[in-house]
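S.K.: You'll find input-v9.cif just under this line, and it carries mmCIF, C-alpha atoms and all ligand atoms.
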data_start
loop_
_atom_site.label_atom_id
_atom_site.label_comp_id
_atom_site.auth_asym_id
_atom_site.auth_seq_id
_atom_site.Cartn_x
_atom_site.Cartn_y
_atom_site.Cartn_z
CA MET A 1 77.77 22.38 66.46
CA ALA A 2 80.67 24.12 64.75
CA GLY A 3 82.42 26.78 66.82
CA GLN A 4 82.47 30.46 66.07
CA LEU A 5 85.63 31.99 64.76
CA LEU A 6 87.43 34.37 67.11
CA ASP A 7 88.66 36.84 64.55
CA GLY A 8 91.97 38.33 65.72
CA LYS A 9 92.14 40.78 62.83
CA ALA A 10 88.78 42.30 63.71
CA ILE A 11 89.45 42.44 67.45
CA ALA A 12 92.94 43.91 66.88
CA LYS A 13 91.37 46.59 64.68
CA LYS A 14 88.97 47.46 67.47
CA VAL A 15 91.86 47.65 69.98
CA ARG A 16 93.85 49.89 67.63
CA ALA A 17 90.86 52.22 67.25
CA GLU A 18 90.55 52.44 71.05
CA VAL A 19 94.28 53.18 71.29
CA LYS A 20 93.96 55.94 68.71
CA GLN A 21 91.17 57.61 70.69
CA ARG A 22 93.16 57.40 73.91
CA ALA A 23 96.28 58.71 72.15
CA GLU A 24 94.30 61.69 70.85
CA ALA A 25 92.92 62.43 74.31
CA PHE A 26 96.44 62.12 75.69
CA PHE A 27 97.73 64.58 73.11
CA GLU A 28 94.94 67.04 74.00
CA ALA A 29 95.79 66.79 77.68
CA HIS A 30 99.59 66.76 77.56
CA GLY A 31 100.58 68.32 74.24
CA ARG A 32 102.60 65.34 73.12
CA LYS A 33 102.01 61.88 71.69
CA PRO A 34 102.69 58.74 73.75
CA GLY A 35 106.22 57.72 72.75
CA LEU A 36 107.20 54.16 71.87
CA HIS A 37 110.91 53.56 71.30
CA VAL A 38 112.09 50.25 69.85
CA VAL A 39 115.73 49.19 69.94
CA LEU A 40 116.90 46.94 67.13
CA VAL A 41 120.45 45.60 67.16
CA GLY A 42 121.83 43.99 64.01
CA GLU A 43 120.16 42.86 60.81
CA ASP A 44 118.09 39.80 61.67
CA PRO A 45 115.58 39.83 58.77
CA ALA A 46 112.57 38.69 60.79
CA SER A 47 113.28 41.25 63.53
CA GLN A 48 113.57 43.99 60.90
CA VAL A 49 110.09 43.16 59.63
CA TYR A 50 108.60 42.99 63.15
CA VAL A 51 110.16 46.32 64.09
CA ARG A 52 109.00 48.03 60.91
CA ASN A 53 105.47 46.74 61.57
CA LYS A 54 105.56 48.06 65.12
CA GLU A 55 106.79 51.48 63.97
CA ARG A 56 104.11 51.69 61.29
CA ALA A 57 101.32 50.55 63.60
CA ALA A 58 102.43 53.07 66.24
CA GLY A 59 102.28 55.94 63.75
CA LYS A 60 98.84 54.94 62.51
CA ALA A 61 97.50 54.77 66.07
CA GLY A 62 98.66 58.31 66.87
CA LEU A 63 101.74 57.33 68.85
CA ASP A 64 105.22 58.68 68.37
CA GLY A 65 106.97 55.50 67.23
CA HIS A 66 110.73 55.57 66.92
CA VAL A 67 113.29 52.88 66.08
CA HIS A 68 116.91 52.97 67.24
CA ARG A 69 118.88 50.85 64.78
CA LEU A 70 122.24 49.78 66.17
CA PRO A 71 124.98 47.93 64.29
CA ALA A 72 125.41 44.17 64.81
CA ASP A 73 128.74 44.72 66.60
CA THR A 74 127.24 46.99 69.29
CA THR A 75 128.77 46.40 72.72
CA GLN A 76 126.86 45.49 75.86
CA ALA A 77 127.92 48.82 77.41
CA ASP A 78 126.65 50.86 74.44
CA LEU A 79 123.31 49.05 74.40
CA GLU A 80 122.87 49.48 78.13
CA ALA A 81 123.80 53.16 77.84
CA LEU A 82 121.07 53.64 75.24
CA VAL A 83 118.45 51.98 77.46
CA ALA A 84 119.54 54.21 80.35
CA LYS A 85 119.13 57.26 78.10
CA LEU A 86 115.63 56.18 77.02
CA ASN A 87 114.72 55.53 80.67
CA ALA A 88 115.70 59.09 81.54
CA ASP A 89 113.79 60.78 78.69
CA PRO A 90 110.40 62.02 79.98
CA ALA A 91 108.85 62.02 76.47
CA ILE A 92 109.41 58.29 76.12
CA ASP A 93 106.68 56.11 77.59
CA GLY A 94 107.52 52.70 76.19
CA ILE A 95 110.84 50.96 75.57
CA LEU A 96 111.09 47.69 73.70
CA VAL A 97 114.33 45.86 72.99
CA GLN A 98 113.73 43.55 70.05
CA LEU A 99 114.96 40.01 70.70
CA PRO A 100 116.97 38.02 69.82
CA LEU A 101 120.13 40.08 70.26
CA PRO A 102 123.34 39.27 68.37
CA GLU A 103 125.48 36.57 69.99
CA GLN A 104 127.94 38.81 71.85
CA LEU A 105 125.11 40.50 73.78
CA GLU A 106 123.31 39.26 76.85
CA ALA A 107 119.60 40.07 76.86
CA GLN A 108 118.78 39.70 80.53
CA PRO A 109 120.94 42.53 81.94
CA VAL A 110 119.49 44.82 79.25
CA LEU A 111 115.88 43.88 80.05
CA ASP A 112 116.60 44.24 83.77
CA LEU A 113 117.58 47.86 83.15
CA ILE A 114 114.29 48.93 81.53
CA ASP A 115 112.28 51.24 83.78
CA PRO A 116 109.24 49.10 84.80
CA SER A 117 106.92 52.06 84.11
CA LYS A 118 108.13 51.94 80.45
CA ASP A 119 108.24 48.15 80.09
CA VAL A 120 105.61 47.87 77.35
CA ASP A 121 106.73 44.35 76.44
CA GLY A 122 106.01 43.31 80.04
CA LEU A 123 109.00 40.99 80.10
CA THR A 124 111.17 42.45 82.86
CA PRO A 125 111.38 40.66 86.22
CA MET A 126 109.57 43.58 87.87
CA SER A 127 106.61 43.31 85.48
CA ALA A 128 106.52 39.53 85.98
CA GLY A 129 106.53 40.07 89.75
CA LEU A 130 103.70 42.62 89.60
CA LEU A 131 101.63 40.19 87.54
CA MET A 132 102.36 37.38 89.99
CA ASP A 133 101.24 39.64 92.84
CA GLY A 134 98.11 40.82 91.00
CA ARG A 135 99.28 44.45 91.18
CA PRO A 136 98.91 46.99 88.37
CA GLY A 137 101.73 46.77 85.87
CA LEU A 138 102.41 46.30 82.20
CA ARG A 139 101.53 42.80 81.02
CA PRO A 140 103.17 40.85 78.17
CA CYS A 141 101.47 41.56 74.85
CA THR A 142 100.56 38.13 73.47
CA PRO A 143 98.98 36.91 76.74
CA SER A 144 97.12 40.24 77.01
CA GLY A 145 95.86 39.63 73.49
CA CYS A 146 94.59 36.21 74.53
CA MET A 147 92.74 37.70 77.48
CA ARG A 148 91.19 40.40 75.33
CA MET A 149 89.97 37.75 72.90
CA LEU A 150 88.42 35.78 75.75
CA GLU A 151 86.70 38.96 76.92
CA GLU A 152 85.23 39.42 73.44
CA THR A 153 83.55 35.99 73.61
CA GLY A 154 81.63 37.11 76.70
CA VAL A 155 82.38 33.73 78.28
CA GLU A 156 82.63 33.99 82.07
CA LEU A 157 85.98 32.61 83.28
CA GLU A 158 85.26 32.43 86.99
CA GLY A 159 85.28 28.83 88.20
CA LYS A 160 86.00 27.49 84.71
CA ARG A 161 88.75 24.98 84.05
CA ALA A 162 91.48 26.51 81.94
CA LEU A 163 94.39 24.59 80.48
CA VAL A 164 97.52 26.36 79.29
CA VAL A 165 99.80 24.21 77.15
CA GLY A 166 103.34 25.64 77.26
CA ARG A 167 105.16 27.33 80.13
CA SER A 168 107.33 30.01 78.54
CA LEU A 169 107.92 33.36 80.19
CA LEU A 170 106.66 34.99 77.00
CA VAL A 171 103.26 33.29 76.79
CA GLY A 172 102.45 30.22 78.92
CA LYS A 173 103.30 31.45 82.41
CA PRO A 174 101.82 34.95 82.12
CA VAL A 175 98.61 33.78 80.47
CA ALA A 176 98.17 31.21 83.25
CA LEU A 177 98.52 33.96 85.87
CA MET A 178 96.07 36.18 84.00
CA LEU A 179 93.51 33.36 83.84
CA LEU A 180 94.06 32.77 87.56
CA ALA A 181 93.42 36.47 88.19
CA LYS A 182 90.04 35.97 86.49
CA ASN A 183 89.33 33.14 88.96
CA ALA A 184 89.63 30.29 86.49
CA THR A 185 90.96 26.98 87.81
CA VAL A 186 94.19 26.81 85.90
CA THR A 187 96.24 23.78 84.87
CA MET A 188 99.58 24.15 83.12
CA ALA A 189 100.79 21.48 80.72
CA HIS A 190 104.31 21.33 79.30
CA SER A 191 106.82 19.04 77.62
CA ARG A 192 106.84 16.60 80.55
CA THR A 193 103.08 16.47 81.05
CA LYS A 194 101.57 13.02 80.86
CA GLU A 195 98.06 12.45 79.47
CA LEU A 196 97.78 15.74 77.63
CA ALA A 197 94.66 14.41 75.88
CA ALA A 198 92.89 13.91 79.22
CA ARG A 199 93.88 17.38 80.43
CA VAL A 200 92.55 18.97 77.23
CA ALA A 201 89.32 16.97 77.49
CA GLU A 202 88.61 18.50 80.93
CA ALA A 203 89.23 22.09 79.91
CA ASP A 204 86.57 24.75 79.31
CA VAL A 205 89.31 27.03 77.97
CA VAL A 206 92.44 25.82 76.18
CA VAL A 207 95.40 28.10 75.38
CA ALA A 208 97.98 26.31 73.25
CA ALA A 209 101.43 27.98 73.15
CA VAL A 210 103.93 25.31 72.25
CA GLY A 211 105.18 25.69 68.69
CA ARG A 212 104.37 22.15 67.54
CA ALA A 213 102.02 21.84 64.60
CA GLU A 214 98.63 20.34 65.50
CA LEU A 215 99.85 18.90 68.79
CA VAL A 216 96.37 19.37 70.29
CA LYS A 217 93.99 17.05 68.50
CA GLY A 218 90.48 18.16 67.68
CA GLU A 219 88.91 15.05 69.16
CA TRP A 220 90.45 15.88 72.57
CA VAL A 221 88.60 19.20 72.80
CA LYS A 222 85.65 19.32 75.20
CA GLU A 223 82.31 20.09 73.59
CA GLY A 224 81.74 23.86 73.92
CA ALA A 225 85.29 24.75 74.98
CA VAL A 226 86.97 28.02 73.98
CA VAL A 227 90.23 27.34 72.14
CA LEU A 228 93.01 29.91 71.69
CA ASP A 229 95.85 28.82 69.46
CA VAL A 230 99.03 30.88 69.95
CA GLY A 231 101.30 28.54 68.01
CA ILE A 232 102.85 29.53 64.70
CA ASN A 233 104.27 26.66 62.66
CA ARG A 234 104.88 25.98 58.99
CA ASN A 235 103.81 22.74 57.38
CA GLU A 236 105.62 21.04 54.49
CA GLU A 237 103.88 23.26 51.94
CA GLY A 238 105.06 26.34 53.82
CA LYS A 239 101.55 27.13 55.06
CA LEU A 240 101.13 28.63 58.54
CA ILE A 241 99.39 26.34 60.98
CA GLY A 242 98.78 26.41 64.71
CA ASP A 243 99.31 24.05 67.64
CA VAL A 244 95.69 22.88 67.40
CA GLU A 245 94.17 20.63 64.78
CA PHE A 246 91.89 23.43 63.65
CA ALA A 247 89.15 21.85 61.50
CA ALA A 248 88.41 19.01 63.92
CA ALA A 249 88.66 21.25 66.99
CA LYS A 250 86.26 23.76 65.43
CA GLU A 251 83.58 21.07 65.27
CA ARG A 252 83.64 20.77 69.06
CA ALA A 253 84.65 24.23 70.33
CA SER A 254 82.22 27.09 71.03
CA TRP A 255 84.90 29.61 69.99
CA ILE A 256 88.24 29.07 68.31
CA THR A 257 91.03 31.25 66.93
CA PRO A 258 92.33 30.52 63.43
CA VAL A 259 96.04 30.52 62.47
CA PRO A 260 96.88 32.87 60.85
CA GLY A 261 94.47 35.68 61.76
CA GLY A 262 93.84 34.70 65.36
CA VAL A 263 96.11 35.54 68.28
CA GLY A 264 98.90 36.76 65.98
CA PRO A 265 97.42 40.17 65.01
CA MET A 266 96.62 40.91 68.67
CA THR A 267 100.24 41.18 69.82
CA ILE A 268 101.13 44.52 68.21
CA ALA A 269 97.70 45.94 69.07
CA MET A 270 98.31 45.14 72.74
CA LEU A 271 101.80 46.67 72.53
CA LEU A 272 100.18 49.93 71.39
CA ALA A 273 97.61 49.66 74.17
CA ASN A 274 100.40 49.12 76.72
CA THR A 275 102.20 52.21 75.44
CA VAL A 276 99.15 54.43 75.93
CA THR A 277 98.55 52.89 79.35
CA ALA A 278 102.19 53.56 80.29
CA ALA A 279 101.90 57.16 79.07
CA GLU A 280 98.65 57.79 80.98
CA ARG A 281 100.01 56.28 84.17
CA ARG A 282 103.30 58.16 83.97
CA GLU A 283 101.51 61.48 83.48
CA ALA A 284 99.04 60.68 86.28
CA GLY A 285 102.01 59.84 88.52
CA LYS A 286 103.34 63.40 88.08
CA ASP A 287 100.31 64.99 89.77
P1 LIG B 301 108.80 28.27 73.82
O1 LIG B 301 109.55 27.36 72.91
O2 LIG B 301 109.52 29.24 74.67
O3 LIG B 301 107.92 27.37 74.79
C1 LIG B 301 107.24 26.23 74.35
C2 LIG B 301 106.60 25.53 75.51
O4 LIG B 301 105.94 24.38 75.03
C3 LIG B 301 107.60 25.07 76.57
O5 LIG B 301 107.20 25.60 77.82
C4 LIG B 301 107.48 23.54 76.57
O6 LIG B 301 107.47 22.98 77.87
C5 LIG B 301 106.14 23.30 75.92
N1 LIG B 301 106.11 22.05 75.17
C6 LIG B 301 107.02 21.57 74.31
N2 LIG B 301 106.64 20.36 73.84
C7 LIG B 301 105.47 20.08 74.42
C8 LIG B 301 104.61 18.97 74.36
N3 LIG B 301 104.85 17.93 73.60
N4 LIG B 301 103.47 19.01 75.10
C9 LIG B 301 103.20 20.08 75.88
N5 LIG B 301 103.99 21.16 75.97
C10 LIG B 301 105.12 21.16 75.27
O7 LIG B 301 107.72 28.97 72.91
P2 LIG B 301 106.87 30.34 73.09
O8 LIG B 301 107.76 31.50 72.93
O9 LIG B 301 106.00 30.25 74.28
O10 LIG B 301 105.95 30.24 71.78
C11 LIG B 301 105.05 29.19 71.59
C12 LIG B 301 104.43 29.28 70.22
O11 LIG B 301 103.70 30.48 70.13
C13 LIG B 301 105.43 29.33 69.06
O12 LIG B 301 104.86 28.68 67.96
C14 LIG B 301 105.56 30.80 68.79
O13 LIG B 301 105.94 31.06 67.45
C15 LIG B 301 104.16 31.27 69.06
N6 LIG B 301 104.08 32.68 69.46
C16 LIG B 301 103.19 33.46 68.79
C17 LIG B 301 103.05 34.78 69.13
C18 LIG B 301 102.05 35.63 68.41
O14 LIG B 301 101.09 35.14 67.93
N7 LIG B 301 102.21 36.90 68.32
C19 LIG B 301 103.83 35.35 70.16
C20 LIG B 301 104.70 34.52 70.85
C21 LIG B 301 104.81 33.17 70.49
#
In structure tokens, write the structure found in this file.
M.R.:
Amino acid sequence: MAGQLLDGKAIAKKVRAEVKQRAEAFFEAHGRKPGLHVVLVGEDPASQVYVRNKERAAGKAGLDGHVHRLPADTTQADLEALVAKLNADPAIDGILVQLPLPEQLEAQPVLDLIDPSKDVDGLTPMSAGLLMDGRPGLRPCTPSGCMRMLEETGVELEGKRALVVGRSLLVGKPVALMLLAKNATVTMAHSRTKELAARVAEADVVVAAVGRAELVKGEWVKEGAVVLDVGINRNEEGKLIGDVEFAAAKERASWITPVPGGVGPMTIAMLLANTVTAAERREAGKD
């Protein structure tokens, strides 16, 4: 039986519509829009596109999206001073520093400075710690997108075997913790894992976040498994492909995300959702 397609574009659209409603309610209640401020240093072409997309998506969803464009030769002190200023501004609910930074800048001290209540990227040590502890906090966007997609399948995660392939701070580790929080039995695979095929074959849910084209073979996938493919790779013809051998995996999976059009579109949608959540929580905290 061929699996059903988990359509990231459609689910992201639904998330953005929910965000818009919440942003409107927020505006009614507080007389201002939730504010998302993105800091872009330098002229990295890919980052410029990502940032423009975030700004545009924020505006469409009823948020106040703003980009701070700093020159490539910005100093560490100037960048940190800007983050401190954004932290102190009560009308700003979300701060995102677009990575990578130019060579002369160190990212970690900048991320460490971001007020956790405004950490809409969910990548600061405080947000990671809150996730680890199962406490409320802002979660990283791509893993949140994965969890939202799983929710949309209606598949119960409790007691299921979940395999996360990849252990980055951006995707692998947080998604593993989120699956654990849903009471799945979680295995993490990485570059040193032996018998990846056997681990995949046991899994009811597979999240692949590696960045190696078609590393996960379709024939490894357990019959009826849910497969989320986070990977973005280009093949020789320049076509985008995922970390999972899609066509073969689809034959065995119950649900599977395509690449492109799967997990990818969820990331910005979850960033917008995080911004509204941050705004609501910050205003509630003032009572
Ligand atoms: P990363 O390079 O930081 O981490 C890759 C992980 O894969 C590492 O933990 C490594 O241990 C593991 N790995 C490497 N080779 C492996 C192997 N042979 N078997 C098993 N594991 C192996 O990458 P990342 O930032 O986590 O991103 C992973 C992929 O997801 C990339 O293709 C990236 O472009 C994509 N991505 C997509 C989105 C999105 O859709 N919005 C967001 C973030 C990342």
S.K.: Please provide the set of residues having any atom within 10 Å of Trp220 (chain A), restricted to all atoms listed in the file, with same-chain residues fewer than 2 positions apart removed, written as an MDAnalysis selection string.
M.R.: chainID A and resid 196:203 216:218 222:223 245 248:249 252
S.K.: I'd like a table as JSON lines: residues in region 1-39 of chain A with an atom no more than 12 Å from region 256-274 of chain A, each row giving the shortest atom pair and its distance in Å to one decimal, all atoms listed in the file counted, sorted by chain and rising residue number.
M.R.:
{"residue": "A:Ala2", "atom": "CA", "partner": "A:Ile256", "partner_atom": "CA", "distance": 9.7}
{"residue": "A:Gly3", "atom": "CA", "partner": "A:Ile256", "partner_atom": "CA", "distance": 6.4}
{"residue": "A:Gln4", "atom": "CA", "partner": "A:Ile256", "partner_atom": "CA", "distance": 6.3}
{"residue": "A:Leu5", "atom": "CA", "partner": "A:Ile256", "partner_atom": "CA", "distance": 5.3}
{"residue": "A:Leu6", "atom": "CA", "partner": "A:Thr257", "partner_atom": "CA", "distance": 4.8}
{"residue": "A:Asp7", "atom": "CA", "partner": "A:Gly262", "partner_atom": "CA", "distance": 5.7}
{"residue": "A:Gly8", "atom": "CA", "partner": "A:Gly262", "partner_atom": "CA", "distance": 4.1}
{"residue": "A:Lys9", "atom": "CA", "partner": "A:Gly261", "partner_atom": "CA", "distance": 5.7}
{"residue": "A:Ala10", "atom": "CA", "partner": "A:Gly261", "partner_atom": "CA", "distance": 8.9}
{"residue": "A:Ile11", "atom": "CA", "partner": "A:Met266", "partner_atom": "CA", "distance": 7.4}
{"residue": "A:Ala12", "atom": "CA", "partner": "A:Met266", "partner_atom": "CA", "distance": 5.1}
{"residue": "A:Lys13", "atom": "CA", "partner": "A:Ala269", "partner_atom": "CA", "distance": 7.7}
{"residue": "A:Lys14", "atom": "CA", "partner": "A:Ala269", "partner_atom": "CA", "distance": 9.0}
{"residue": "A:Val15", "atom": "CA", "partner": "A:Ala269", "partner_atom": "CA", "distance": 6.2}
{"residue": "A:Arg16", "atom": "CA", "partner": "A:Ala269", "partner_atom": "CA", "distance": 5.7}
{"residue": "A:Ala17", "atom": "CA", "partner": "A:Ala269", "partner_atom": "CA", "distance": 9.5}
{"residue": "A:Glu18", "atom": "CA", "partner": "A:Ala273", "partner_atom": "CA", "distance": 8.2}
{"residue": "A:Val19", "atom": "CA", "partner": "A:Ala273", "partner_atom": "CA", "distance": 5.6}
{"residue": "A:Lys20", "atom": "CA", "partner": "A:Leu272", "partner_atom": "CA", "distance": 9.1}
{"residue": "A:Gln21", "atom": "CA", "partner": "A:Ala273", "partner_atom": "CA", "distance": 10.8}
{"residue": "A:Arg22", "atom": "CA", "partner": "A:Ala273", "partner_atom": "CA", "distance": 8.9}
{"residue": "A:Ala23", "atom": "CA", "partner": "A:Ala273", "partner_atom": "CA", "distance": 9.4}
{"residue": "A:Pro34", "atom": "CA", "partner": "A:Leu272", "partner_atom": "CA", "distance": 9.5}
{"residue": "A:Gly35", "atom": "CA", "partner": "A:Leu272", "partner_atom": "CA", "distance": 10.0}
{"residue": "A:Leu36", "atom": "CA", "partner": "A:Leu272", "partner_atom": "CA", "distance": 8.2}
{"residue": "A:His37", "atom": "CA", "partner": "A:Leu272", "partner_atom": "CA", "distance": 11.3}
{"residue": "A:Val38", "atom": "CA", "partner": "A:Leu271", "partner_atom": "CA", "distance": 11.2}
S.K.: Let me make sure I understand: among A:Glu151, A:Glu237, A:Glu214, A:Asp121, which one has the smallest atom-to-atom distance to Leu170 (chain A) if we use only C-alpha atoms?
M.R.: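 Residue with the minimum atom-to-atom distance to Leu170 (chain A): A:Asp121.
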S.K.: All residues within 10 Å of ligand LIG 301 (chain B) are required, counting only C-alpha atoms and all ligand atoms; please report them as JSON, numbers by chain.
M.R.: {"A": [8, 140, 141, 142, 143, 145, 146, 164, 165, 166, 167, 168, 169, 170, 171, 172, 173, 188, 189, 190, 191, 192, 193, 194, 195, 196, 197, 208, 209, 210, 211, 212, 213, 215, 216, 229, 230, 231, 232, 233, 234, 241, 242, 243, 259, 260, 261, 262, 263, 264, 265, 266, 267, 268]}
S.K.: Select, from A:Val155, A:Ala176, A:Val97, A:Ala57, the residue with the minimum atom-to-atom distance to Val83 (chain A), counting all atoms listed in the file.
M.R.: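 That would be A:Val97, the residue with the smallest distance to Val83 (chain A).
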S.K.: Return the single residue from A:Gly154, A:Gly159, A:Pro174, A:Pro109 that is closest to Arg139 (chain A), with distances computed using all atoms listed in the file.
M.R.: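 Once distances to Arg139 (chain A) are computed over all atoms listed in the file, the minimum belongs to A:Pro174.
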S.K.: Quote the spacing between CA of Val244 (chain A) and CA of Leu99 (chain A) in Å to one decimal place.
M.R.: 26.0 Å
S.K.: Hey, can you check how far CA of Arg69 (chain A) sits from CA of Gly42 (chain A)?
M.R.: 7.5 Å
S.K.: May I ask for the distance between CA of Val39 (chain A) and CA of His68 (chain A), given in Å to one decimal place?
M.R.: 4.8 Å
